[in-house]
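One file, my_file-v3.cif, is given below (mmCIF, C-alpha atoms).
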data_my_file
loop_
_atom_site.label_atom_id
_atom_site.label_comp_id
_atom_site.auth_asym_id
_atom_site.auth_seq_id
_atom_site.Cartn_x
_atom_site.Cartn_y
_atom_site.Cartn_z
CA MET Q 1 0.00 0.00 0.00
CA LEU Q 2 1.15 3.52 -0.81
CA THR Q 3 -0.39 6.30 1.23
CA GLY Q 4 0.08 10.03 1.45
CA LYS Q 5 1.96 10.28 -1.85
CA ASP Q 6 1.54 12.71 -4.75
CA ILE Q 7 0.95 11.01 -8.11
CA ILE Q 8 0.81 12.59 -11.58
CA ILE Q 9 -0.99 10.59 -14.28
CA VAL Q 10 -0.55 11.26 -17.99
CA GLY Q 11 -1.97 9.24 -20.84
CA GLN Q 12 -4.03 9.06 -23.98
CA GLN Q 13 -7.53 9.25 -22.51
CA PRO Q 14 -8.71 12.56 -21.06
CA TRP Q 15 -10.90 12.74 -18.00
CA ASP Q 16 -13.86 13.87 -20.13
CA THR Q 17 -13.71 10.80 -22.38
CA LYS Q 18 -17.12 9.34 -23.19
CA ILE Q 19 -15.92 5.73 -22.95
CA GLY Q 20 -14.66 3.57 -20.13
CA SER Q 21 -11.07 4.16 -19.10
CA ASN Q 22 -8.65 1.93 -17.22
CA CYS Q 23 -6.59 4.93 -16.29
CA LYS Q 24 -9.51 6.87 -14.80
CA ASP Q 25 -10.43 3.86 -12.67
CA ILE Q 26 -6.82 3.57 -11.51
CA ALA Q 27 -6.74 7.30 -10.71
CA ILE Q 28 -9.86 6.99 -8.57
CA GLU Q 29 -8.34 4.06 -6.69
CA PHE Q 30 -5.02 5.90 -6.23
CA SER Q 31 -6.87 8.93 -4.86
CA LYS Q 32 -8.39 6.97 -1.97
CA HIS Q 33 -5.03 7.15 -0.19
CA ASN Q 34 -2.95 9.64 -2.21
CA ARG Q 35 -3.25 12.98 -3.96
CA VAL Q 36 -3.61 12.55 -7.71
CA LEU Q 37 -3.25 14.97 -10.62
CA TYR Q 38 -4.84 13.46 -13.74
CA VAL Q 39 -3.52 15.31 -16.79
CA ASN Q 40 -5.49 15.37 -20.04
CA SER Q 41 -3.53 15.05 -23.25
CA ALA Q 42 -2.50 18.44 -24.65
CA LEU Q 43 -4.55 19.75 -27.57
CA ASP Q 44 -2.72 19.43 -30.89
CA ARG Q 45 -3.13 21.62 -33.94
CA ILE Q 46 -4.77 19.04 -36.25
CA THR Q 47 -7.37 18.12 -33.61
CA LEU Q 48 -8.10 21.83 -33.20
CA ARG Q 49 -8.51 22.31 -36.94
CA ARG Q 50 -10.72 19.24 -37.45
CA ASN Q 51 -12.88 19.52 -34.34
CA LYS Q 52 -12.87 23.18 -33.36
CA ASN Q 53 -16.65 23.20 -32.81
CA ASN Q 54 -16.57 20.15 -30.55
CA PRO Q 55 -17.56 21.18 -26.98
CA ASP Q 56 -14.58 19.34 -25.48
CA VAL Q 57 -12.18 21.15 -27.83
CA GLN Q 58 -13.90 24.45 -27.05
CA THR Q 59 -13.20 23.88 -23.36
CA ARG Q 60 -9.52 23.38 -24.12
CA ILE Q 61 -9.40 26.53 -26.25
CA LYS Q 62 -10.85 28.58 -23.39
CA VAL Q 63 -8.18 27.21 -21.04
CA ILE Q 64 -5.39 27.99 -23.53
CA LYS Q 65 -6.71 31.55 -23.93
CA GLY Q 66 -6.86 31.98 -20.16
CA GLN Q 67 -10.64 32.35 -20.14
CA GLU Q 68 -11.10 29.34 -17.82
CA SER Q 69 -8.97 27.61 -15.23
CA GLY Q 70 -7.51 24.35 -16.46
CA LEU Q 71 -7.31 22.84 -12.98
CA VAL Q 72 -10.50 21.10 -11.88
CA ASN Q 73 -11.14 19.54 -8.48
CA ILE Q 74 -12.82 16.14 -9.06
CA SER Q 75 -12.85 15.03 -5.43
CA GLU Q 76 -10.99 15.72 -2.20
CA LYS Q 77 -7.70 14.22 -3.41
CA LEU Q 78 -8.24 14.01 -7.17
CA PHE Q 79 -7.55 16.85 -9.59
CA ASN Q 80 -7.88 17.06 -13.37
CA LEU Q 81 -5.70 19.32 -15.52
CA TYR Q 82 -6.56 20.71 -18.95
CA PRO Q 83 -3.11 21.81 -20.26
CA ASP Q 84 -3.00 25.48 -21.27
CA VAL Q 85 -0.82 24.83 -24.32
CA LEU Q 86 -1.33 24.00 -27.99
CA ILE Q 87 1.20 21.52 -29.37
CA GLU Q 88 2.13 20.68 -32.94
CA SER Q 89 0.83 17.63 -34.81
CA ILE Q 90 4.02 15.90 -35.89
CA ASN Q 91 3.32 12.22 -36.50
CA TRP Q 92 3.29 12.80 -40.28
CA ILE Q 93 7.00 13.62 -40.20
CA LYS Q 94 9.07 10.79 -41.68
CA PHE Q 95 12.51 11.74 -40.45
CA THR Q 96 13.26 10.51 -36.94
CA TYR Q 97 15.71 13.34 -36.14
CA LEU Q 98 13.21 16.08 -37.01
CA PHE Q 99 10.34 14.27 -35.27
CA ASP Q 100 12.45 13.94 -32.13
CA LYS Q 101 13.33 17.65 -32.07
CA LEU Q 102 9.71 18.73 -32.44
CA ASN Q 103 8.53 16.07 -30.00
CA TYR Q 104 10.92 17.42 -27.38
CA ARG Q 105 9.45 20.88 -27.92
CA ASN Q 106 5.92 19.48 -27.48
CA ASN Q 107 7.00 17.65 -24.33
CA LYS Q 108 8.57 20.82 -22.92
CA LEU Q 109 5.36 22.82 -23.44
CA PHE Q 110 3.36 19.99 -21.89
CA ALA Q 111 5.72 19.72 -18.91
CA THR Q 112 5.62 23.48 -18.29
CA SER Q 113 1.83 23.37 -18.09
CA ILE Q 114 1.94 20.40 -15.71
CA MET Q 115 4.48 22.10 -13.44
CA LYS Q 116 2.19 25.12 -13.03
CA ALA Q 117 -0.40 22.78 -11.52
CA VAL Q 118 2.27 21.00 -9.45
CA TYR Q 119 3.30 24.30 -7.84
CA LYS Q 120 -0.30 25.36 -7.31
CA LEU Q 121 -1.21 22.08 -5.62
CA GLY Q 122 2.02 21.91 -3.66
CA PHE Q 123 2.96 18.45 -4.94
CA LYS Q 124 6.30 17.20 -3.60
CA ASN Q 125 8.41 14.15 -4.49
CA PHE Q 126 5.71 12.99 -6.86
CA LEU Q 127 5.44 9.73 -8.79
CA LEU Q 128 4.80 9.79 -12.55
CA PHE Q 129 2.36 7.24 -14.00
CA ASN Q 130 2.32 7.12 -17.82
CA ASP Q 131 -0.65 5.36 -19.40
CA ASN Q 132 0.68 4.20 -22.79
CA GLU Q 133 1.57 7.74 -23.98
CA MET Q 134 4.82 7.16 -25.85
CA PHE Q 135 5.04 10.47 -27.75
CA LYS Q 136 3.73 13.43 -25.74
CA ALA Q 137 5.17 12.01 -22.51
CA PHE Q 138 8.43 10.61 -23.86
CA TYR Q 139 10.61 13.25 -22.16
CA LEU Q 140 8.52 13.87 -19.05
CA LYS Q 141 10.80 11.84 -16.80
CA GLU Q 142 13.65 14.23 -17.61
CA LEU Q 143 11.51 17.39 -17.64
CA LEU Q 144 9.41 16.74 -14.52
CA ASN Q 145 12.07 14.85 -12.52
CA PRO Q 146 9.69 12.57 -10.59
CA VAL Q 147 11.00 10.51 -7.70
CA MET Q 148 9.91 7.45 -9.69
CA SER Q 149 8.35 6.89 -13.12
CA VAL Q 150 6.19 3.99 -14.30
CA TYR Q 151 5.04 3.07 -17.81
CA TYR Q 152 1.63 1.35 -17.92
CA SER Q 153 1.14 -0.98 -20.90
CA ARG Q 154 -2.53 -1.88 -21.43
CA ASP Q 155 -2.59 -2.28 -25.22
CA ASN Q 156 -0.10 -3.28 -27.89
CA MET Q 157 -0.20 0.24 -29.30
CA VAL Q 158 2.53 -0.32 -31.90
CA GLY Q 159 0.14 -2.68 -33.65
CA VAL Q 160 -1.82 0.42 -34.71
CA PRO Q 161 -0.37 2.20 -37.79
CA TYR Q 162 -0.47 5.66 -36.14
CA TRP Q 163 1.62 4.54 -33.19
CA ARG Q 164 3.80 2.06 -35.10
CA LYS Q 165 5.33 4.74 -37.33
CA HIS Q 166 7.56 6.21 -34.62
CA GLY Q 167 6.53 4.01 -31.70
CA LEU Q 168 8.55 0.99 -32.83
CA LYS Q 169 11.64 3.02 -31.93
CA LEU Q 170 10.33 5.22 -29.13
CA GLU Q 171 8.29 2.84 -26.99
CA PRO Q 172 11.18 0.43 -26.24
CA LYS Q 173 13.33 3.43 -25.28
CA LEU Q 174 10.60 4.80 -23.02
CA ILE Q 175 10.08 1.41 -21.38
CA ALA Q 176 13.82 1.06 -20.82
CA LYS Q 177 14.29 4.46 -19.17
CA SER Q 178 11.22 4.20 -16.93
CA ASP Q 179 11.97 3.02 -13.41
CA LEU Q 180 9.45 0.23 -13.85
CA CYS Q 181 6.67 -0.99 -16.12
CA VAL Q 182 3.33 -2.52 -15.23
CA ALA Q 183 1.04 -4.33 -17.65
CA ASN Q 184 -2.53 -5.60 -17.58
CA SER Q 185 -1.69 -8.83 -19.40
CA GLU Q 186 1.15 -11.30 -19.12
CA TYR Q 187 1.79 -10.94 -22.86
CA LEU Q 188 2.44 -7.20 -22.48
CA ARG Q 189 4.46 -7.79 -19.28
CA ASP Q 190 6.76 -10.11 -21.24
CA TYR Q 191 7.03 -7.51 -24.02
CA CYS Q 192 8.04 -4.81 -21.52
CA LYS Q 193 10.49 -7.17 -19.85
CA GLU Q 194 12.52 -7.35 -23.07
CA TYR Q 195 13.57 -3.74 -22.37
CA ASN Q 196 13.15 -3.33 -18.61
CA PRO Q 197 13.68 -6.13 -16.04
CA ASN Q 198 11.44 -4.29 -13.58
CA SER Q 199 8.24 -5.21 -15.43
CA PHE Q 200 5.21 -6.56 -13.60
CA TYR Q 201 1.84 -8.12 -14.41
CA VAL Q 202 -0.81 -6.30 -12.38
CA GLY Q 203 -4.00 -7.67 -13.90
CA GLN Q 204 -6.94 -5.38 -14.34
CA GLY Q 205 -10.01 -4.30 -12.47
CA CYS Q 206 -13.54 -3.96 -13.69
CA ASP Q 207 -16.27 -1.63 -12.47
CA PHE Q 208 -19.15 -3.92 -11.61
CA SER Q 209 -21.41 -1.22 -10.20
CA LEU Q 210 -23.80 -1.57 -13.16
CA PHE Q 211 -23.89 -5.36 -12.88
CA ASP Q 212 -26.07 -5.68 -9.82
CA THR Q 213 -28.84 -8.13 -10.74
CA ALA Q 214 -31.33 -5.91 -8.90
CA ASN Q 215 -30.86 -3.28 -11.63
CA LEU Q 216 -31.49 -5.61 -14.58
CA GLN Q 217 -34.44 -4.89 -16.82
CA SER Q 218 -36.20 -6.94 -19.48
CA ILE Q 219 -35.38 -5.97 -23.05
CA THR Q 220 -38.61 -6.14 -25.05
CA GLU Q 221 -36.93 -6.72 -28.41
CA MET Q 222 -34.88 -9.60 -26.98
CA GLU Q 223 -37.99 -11.42 -25.76
CA LYS Q 224 -39.22 -11.70 -29.34
CA LEU Q 225 -36.09 -13.38 -30.70
CA GLN Q 226 -35.75 -17.09 -31.41
CA ARG Q 227 -33.70 -19.01 -28.86
CA PRO Q 228 -30.91 -19.73 -28.23
CA VAL Q 229 -29.40 -16.25 -28.39
CA ILE Q 230 -25.64 -15.92 -28.81
CA GLY Q 231 -24.59 -12.36 -28.00
CA TYR Q 232 -21.75 -9.87 -28.15
CA VAL Q 233 -21.53 -6.43 -26.54
CA GLY Q 234 -18.93 -3.90 -27.68
CA ALA Q 235 -17.72 -1.91 -30.66
CA LEU Q 236 -18.12 -3.79 -33.94
CA LEU Q 237 -14.73 -3.15 -35.55
CA THR Q 238 -13.17 -5.36 -38.20
CA SER Q 239 -9.74 -4.47 -36.81
CA ARG Q 240 -10.68 -6.34 -33.62
CA LEU Q 241 -13.48 -8.78 -34.46
CA ASP Q 242 -13.44 -11.74 -36.84
CA LEU Q 243 -16.18 -10.78 -39.30
CA LYS Q 244 -15.78 -13.93 -41.41
CA LEU Q 245 -16.16 -16.09 -38.30
CA LEU Q 246 -19.41 -14.35 -37.39
CA GLU Q 247 -20.76 -14.68 -40.92
CA GLY Q 248 -19.77 -18.35 -41.06
CA MET Q 249 -21.41 -19.22 -37.73
CA ALA Q 250 -24.62 -17.40 -38.57
CA GLU Q 251 -24.88 -19.23 -41.91
CA GLU Q 252 -24.04 -22.64 -40.42
CA LYS Q 253 -26.50 -22.35 -37.51
CA PRO Q 254 -29.71 -20.71 -38.84
CA GLY Q 255 -31.55 -21.94 -35.75
CA TRP Q 256 -29.41 -19.80 -33.47
CA THR Q 257 -29.92 -16.04 -33.15
CA PHE Q 258 -26.80 -13.90 -33.09
CA VAL Q 259 -27.20 -10.52 -31.36
CA LEU Q 260 -24.60 -7.78 -31.77
CA VAL Q 261 -24.83 -4.76 -29.48
CA GLY Q 262 -22.63 -1.76 -30.29
CA PRO Q 263 -21.65 0.80 -32.93
CA GLU Q 264 -20.46 -0.57 -36.29
CA ASP Q 265 -17.61 0.39 -38.58
CA GLU Q 266 -18.22 0.59 -42.34
CA ASP Q 267 -17.19 -3.01 -43.03
CA PHE Q 268 -19.72 -4.32 -40.51
CA LYS Q 269 -22.41 -2.06 -41.95
CA GLN Q 270 -21.81 -3.51 -45.41
CA SER Q 271 -21.37 -7.15 -44.34
CA LYS Q 272 -23.68 -10.02 -45.27
CA LEU Q 273 -24.67 -10.24 -41.59
CA HIS Q 274 -27.29 -7.60 -42.31
CA GLN Q 275 -28.95 -9.90 -44.86
CA LEU Q 276 -29.13 -12.93 -42.57
CA PRO Q 277 -32.49 -13.38 -40.78
CA ASN Q 278 -30.91 -14.85 -37.63
CA VAL Q 279 -28.63 -11.87 -36.97
CA TYR Q 280 -29.94 -8.92 -34.96
CA PHE Q 281 -28.10 -5.61 -34.59
CA ALA Q 282 -29.15 -3.74 -31.45
CA GLY Q 283 -27.01 -0.69 -32.21
CA ALA Q 284 -25.12 1.44 -29.71
CA GLN Q 285 -26.68 1.41 -26.25
CA LYS Q 286 -26.16 3.39 -23.06
CA PRO Q 287 -23.72 1.73 -20.63
CA GLU Q 288 -26.43 1.21 -18.02
CA LYS Q 289 -28.44 -0.92 -20.46
CA LEU Q 290 -25.62 -3.26 -21.45
CA PRO Q 291 -25.87 -5.58 -18.40
CA SER Q 292 -29.53 -6.21 -19.23
CA TYR Q 293 -28.60 -7.18 -22.78
CA ILE Q 294 -25.88 -9.50 -21.50
CA HIS Q 295 -28.32 -11.05 -19.03
CA SER Q 296 -30.70 -11.83 -21.90
CA PHE Q 297 -28.10 -13.87 -23.83
CA ASP Q 298 -27.97 -17.66 -23.58
CA VAL Q 299 -24.26 -17.62 -24.45
CA CYS Q 300 -21.90 -14.63 -24.57
CA MET Q 301 -19.08 -14.50 -27.08
CA ASN Q 302 -15.94 -12.56 -27.91
CA PRO Q 303 -15.08 -13.54 -31.51
CA GLN Q 304 -11.82 -11.62 -31.49
CA LEU Q 305 -9.59 -11.33 -34.52
CA VAL Q 306 -6.07 -12.26 -33.47
CA ASN Q 307 -3.60 -9.66 -34.73
CA SER Q 308 -0.88 -7.34 -33.45
CA ILE Q 309 -3.51 -4.98 -32.03
CA THR Q 310 -5.52 -7.54 -30.05
CA ILE Q 311 -3.11 -10.30 -29.09
CA GLY Q 312 -2.03 -8.74 -25.80
CA ASN Q 313 -5.36 -7.24 -24.75
CA TYR Q 314 -6.88 -7.90 -21.36
CA PRO Q 315 -10.43 -9.14 -22.12
CA ARG Q 316 -12.40 -6.69 -19.98
CA LYS Q 317 -15.73 -7.63 -21.55
CA ILE Q 318 -15.17 -11.26 -20.46
CA ASP Q 319 -15.21 -10.11 -16.84
CA GLU Q 320 -18.50 -8.34 -17.52
CA TYR Q 321 -20.01 -11.47 -19.06
CA LEU Q 322 -18.83 -13.66 -16.18
CA ALA Q 323 -19.98 -11.17 -13.54
CA LEU Q 324 -23.53 -12.04 -14.58
CA GLY Q 325 -22.73 -15.75 -14.53
CA LYS Q 326 -23.15 -16.17 -18.28
CA PRO Q 327 -21.74 -19.11 -20.27
CA THR Q 328 -18.98 -17.56 -22.37
CA ILE Q 329 -16.87 -18.47 -25.36
CA ALA Q 330 -13.90 -16.48 -26.66
CA THR Q 331 -11.05 -16.67 -29.12
CA LYS Q 332 -7.96 -18.28 -27.63
CA THR Q 333 -5.17 -15.76 -27.01
CA PRO Q 334 -2.32 -15.64 -24.46
CA SER Q 335 -4.35 -13.27 -22.26
CA MET Q 336 -7.37 -15.60 -22.31
CA LEU Q 337 -5.46 -18.55 -20.85
CA ALA Q 338 -6.00 -17.15 -17.36
CA PHE Q 339 -9.75 -17.48 -17.98
CA GLN Q 340 -9.79 -21.00 -19.42
CA GLU Q 341 -11.27 -22.62 -16.30
CA HIS Q 342 -14.40 -20.48 -16.73
CA VAL Q 343 -14.49 -19.68 -20.46
CA TYR Q 344 -14.59 -22.01 -23.46
CA LEU Q 345 -11.67 -21.08 -25.74
CA ALA Q 346 -11.86 -21.61 -29.51
CA GLU Q 347 -9.56 -20.98 -32.47
CA ASN Q 348 -11.83 -21.45 -35.50
CA GLN Q 349 -15.43 -21.76 -36.63
CA SER Q 350 -15.83 -25.46 -35.91
CA GLU Q 351 -14.48 -25.02 -32.38
CA TYR Q 352 -16.82 -22.07 -31.83
CA ILE Q 353 -19.85 -24.10 -32.93
CA ALA Q 354 -18.81 -27.05 -30.76
CA GLY Q 355 -18.11 -24.79 -27.80
CA ILE Q 356 -21.42 -22.96 -27.99
CA SER Q 357 -23.26 -26.28 -28.27
CA THR Q 358 -21.45 -27.55 -25.16
CA LEU Q 359 -22.19 -24.38 -23.18
CA LEU Q 360 -25.89 -24.56 -24.06
CA GLN Q 361 -26.06 -28.10 -22.70
CA GLU Q 362 -23.88 -27.87 -19.62
CA ASN Q 363 -24.89 -24.59 -17.97
CA GLY Q 364 -26.09 -24.70 -14.37
CA PRO Q 365 -26.31 -22.69 -11.10
CA SER Q 366 -23.03 -23.96 -9.66
CA ARG Q 367 -21.10 -23.12 -12.82
CA SER Q 368 -22.76 -19.72 -12.92
CA GLN Q 369 -21.74 -18.92 -9.33
CA LYS Q 370 -18.12 -19.90 -9.99
CA ARG Q 371 -18.03 -17.54 -12.97
CA ILE Q 372 -19.40 -14.70 -10.85
CA SER Q 373 -16.92 -15.28 -8.02
CA PHE Q 374 -14.01 -15.39 -10.46
CA ALA Q 375 -15.01 -12.16 -12.21
CA LEU Q 376 -15.68 -10.26 -8.99
CA SER Q 377 -12.14 -11.02 -7.81
CA HIS Q 378 -10.91 -8.70 -10.59
CA THR Q 379 -11.35 -5.42 -8.76
CA TRP Q 380 -9.45 -2.18 -9.24
CA LYS Q 381 -8.49 -2.38 -5.59
CA ASN Q 382 -6.67 -5.67 -6.20
CA SER Q 383 -5.02 -4.40 -9.40
CA VAL Q 384 -3.84 -1.16 -7.82
CA GLU Q 385 -2.44 -3.03 -4.83
CA LYS Q 386 -0.28 -4.97 -7.31
CA ILE Q 387 0.84 -1.65 -8.81
CA TYR Q 388 1.79 -0.46 -5.33
CA ASP Q 389 3.74 -3.68 -4.76
CA ALA Q 390 5.60 -3.09 -8.04
CA PHE Q 391 6.47 0.45 -6.90
CA LEU Q 392 7.74 -0.76 -3.54
CA GLN Q 393 9.77 -3.68 -4.95
CA THR Q 394 11.45 -1.41 -7.49
CA ALA Q 395 12.09 1.33 -4.94
CA ALA Q 396 13.75 -1.19 -2.61
CA GLN Q 397 15.91 -2.56 -5.42
CA LYS Q 398 16.97 0.88 -6.65
CA LYS Q 399 17.25 2.31 -3.13
CA ILE Q 400 14.68 5.03 -3.90
CA ILE Q 401 13.00 6.63 -0.91
CA LEU Q 402 9.29 7.10 -1.65
#
Is it possible to give me this structure as structure tokens?
Amino acid sequence: MLTGKDIIIVGQQPWDTKIGSNCKDIAIEFSKHNRVLYVNSALDRITLRRNKNNPDVQTRIKVIKGQESGLVNISEKLFNLYPDVLIESINWIKFTYLFDKLNYRNNKLFATSIMKAVYKLGFKNFLLFNDNEMFKAFYLKELLNPVMSVYYSRDNMVGVPYWRKHGLKLEPKLIAKSDLCVANSEYLRDYCKEYNPNSFYVGQGCDFSLFDTANLQSITEMEKLQRPVIGYVGALLTSRLDLKLLEGMAEEKPGWTFVLVGPEDEDFKQSKLHQLPNVYFAGAQKPEKLPSYIHSFDVCMNPQLVNSITIGNYPRKIDEYLALGKPTIATKTPSMLAFQEHVYLAENQSEYIAGISTLLQENGPSRSQKRISFALSHTWKNSVEKIYDAFLQTAAQKKIIL
């Protein structure tokens, strides 16, 4: 346990993000015993040009112009900072030397804005927690001089073209110079360990506040569908989901209904799934309604496409499925092996069909309760305690006084 410390968090997701955020959940848990400054990513010029009428961008513009304070008090020990600087959009630059020079300038502007808040809040001997931000925070260890710095790896970001361009060189360097690294999957822990021996697997938490069975409601449209219902909840992106697998299963099993809940990318919108009578698209839904959809499924699935983007991901939605005791099948990946006692793992269409058939036949109250107990053990409290342990182990090894 760490208590009474000052912690600065930087990362990709701002506090006003409209989606769930690991880093926000970690910040809230940190702030129960420490003071936390959660720093939004600095506004860059291209984002300003493309989204200048967006309310979130307008807020940042007002802060940069000095019309509003960028420091917001979220709770007693948790503060959010909107940086009062505009940085350059530089990822298009091909030459590493020029990119590095401009990136240092961006980092220096960013650090100056952060230090204003540090002085105002009276932070001393602070820790720096970097949530997967390999560009805008690359030089923050040198510029902010924290007592200890940690790099948090929660996604294989270099699998994404935007990050891969310069990240293949920069991320290993950032991992290496950080005092320690923590990762939410063993796959990403092993990746970090190639560059930094002080790399730790800390698991991940899940906010189960919406998954109380007392709050579940019946979904009228689901009651009209033919059973069994095989369901998925989440963004429908062909970069992450196996579209051909879904199409193949739906065609092979016309007696099963496949329900997909979430916003679609263009490939999903144009797929043959929309012409199949046993496939139902529920569209994007409010977070508070998702548990009720999950509860209405006979089997939950995560037909993940295995690629450089997804292979190291912690399967957060699996915890959500299991928290409601649902029979679940998922694509086999290194991160899913920790779930194999409670989740049927499959690698192709035939294994998916066989697995779903087995789950439909073998479900029962005792199995359901084991799934629930397993999922509920994945709390942010437990994950953050592992982060604290990683801090303390590294501090002891490096003789750093926290």
* To do: Step by step, work through what the PyMOL selection byres ((chain Q and resi 184) around 8) selects in the shown file, and finish by giving those residues as an MDAnalysis selection string.
  => chainID Q and resid 153:154 182:183 185:186 188:189 201:204 313:314
* Do you know which residues the PyMOL selection byres ((chain Q and resi 46) around 12) returns on this file, as number ranges by chain? -> Q: 42-45, 47-52, 57, 86-92
* Asked: If the PyMOL selection byres ((chain Q and resi 311) around 8) is run on the structure shown, which residues does it catch, given as number ranges by chain?
  -> Q: 156, 187, 306-310, 312-313, 333-335
* Computed interatomic separation between CA of Pro277 in chain Q and CA of Gln304 in chain Q (Å) -> 22.7 Å
* Straight-line distance linking CA of Asp56 in chain Q with CA of Phe281 in chain Q, stated in Å to one decimal -> 29.8 Å
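For the choices Q:Leu225, Q:Ala284, Q:Ile400, Q:Leu241, the atom-to-atom distance to Trp256 in chain Q is smallest for Q:Leu225 when using all atoms listed in the file.
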Residues near Phe135 in chain Q, anyone? I mean within 10 Å using only C-alpha atoms, not counting same-chain ones fewer than 6 positions away, as an mmCIF file with C-alpha atoms, in the frame of the given file.
data_model
loop_
_atom_site.group_PDB
_atom_site.id
_atom_site.type_symbol
_atom_site.label_atom_id
_atom_site.label_comp_id
_atom_site.auth_asym_id
_atom_site.auth_seq_id
_atom_site.Cartn_x
_atom_site.Cartn_y
_atom_site.Cartn_z
ATOM 1 C CA GLY Q 11 -1.970 9.240 -20.840
ATOM 2 C CA GLN Q 12 -4.030 9.060 -23.980
ATOM 3 C CA ILE Q 90 4.020 15.900 -35.890
ATOM 4 C CA ASN Q 91 3.320 12.220 -36.500
ATOM 5 C CA PHE Q 99 10.340 14.270 -35.270
ATOM 6 C CA ASP Q 100 12.450 13.940 -32.130
ATOM 7 C CA ASN Q 103 8.530 16.070 -30.000
ATOM 8 C CA TYR Q 104 10.920 17.420 -27.380
ATOM 9 C CA ASN Q 106 5.920 19.480 -27.480
ATOM 10 C CA ASN Q 107 7.000 17.650 -24.330
ATOM 11 C CA TRP Q 163 1.620 4.540 -33.190
ATOM 12 C CA HIS Q 166 7.560 6.210 -34.620
ATOM 13 C CA GLY Q 167 6.530 4.010 -31.700
ATOM 14 C CA LEU Q 170 10.330 5.220 -29.130
ATOM 15 C CA GLU Q 171 8.290 2.840 -26.990
ATOM 16 C CA LEU Q 174 10.600 4.800 -23.020
#
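With only C-alpha atoms as the atoms that count, the residue of Q:Val384, Q:Ala282, Q:Ile329, Q:Leu273 with the shortest distance to His33 in chain Q is Q:Val384.
Among Q:Pro197, Q:Pro228, Q:Gly364, Q:Thr238, the residue with the shortest atom-to-atom distance to Lys269 in chain Q, counting all atoms listed in the file, is Q:Thr238.
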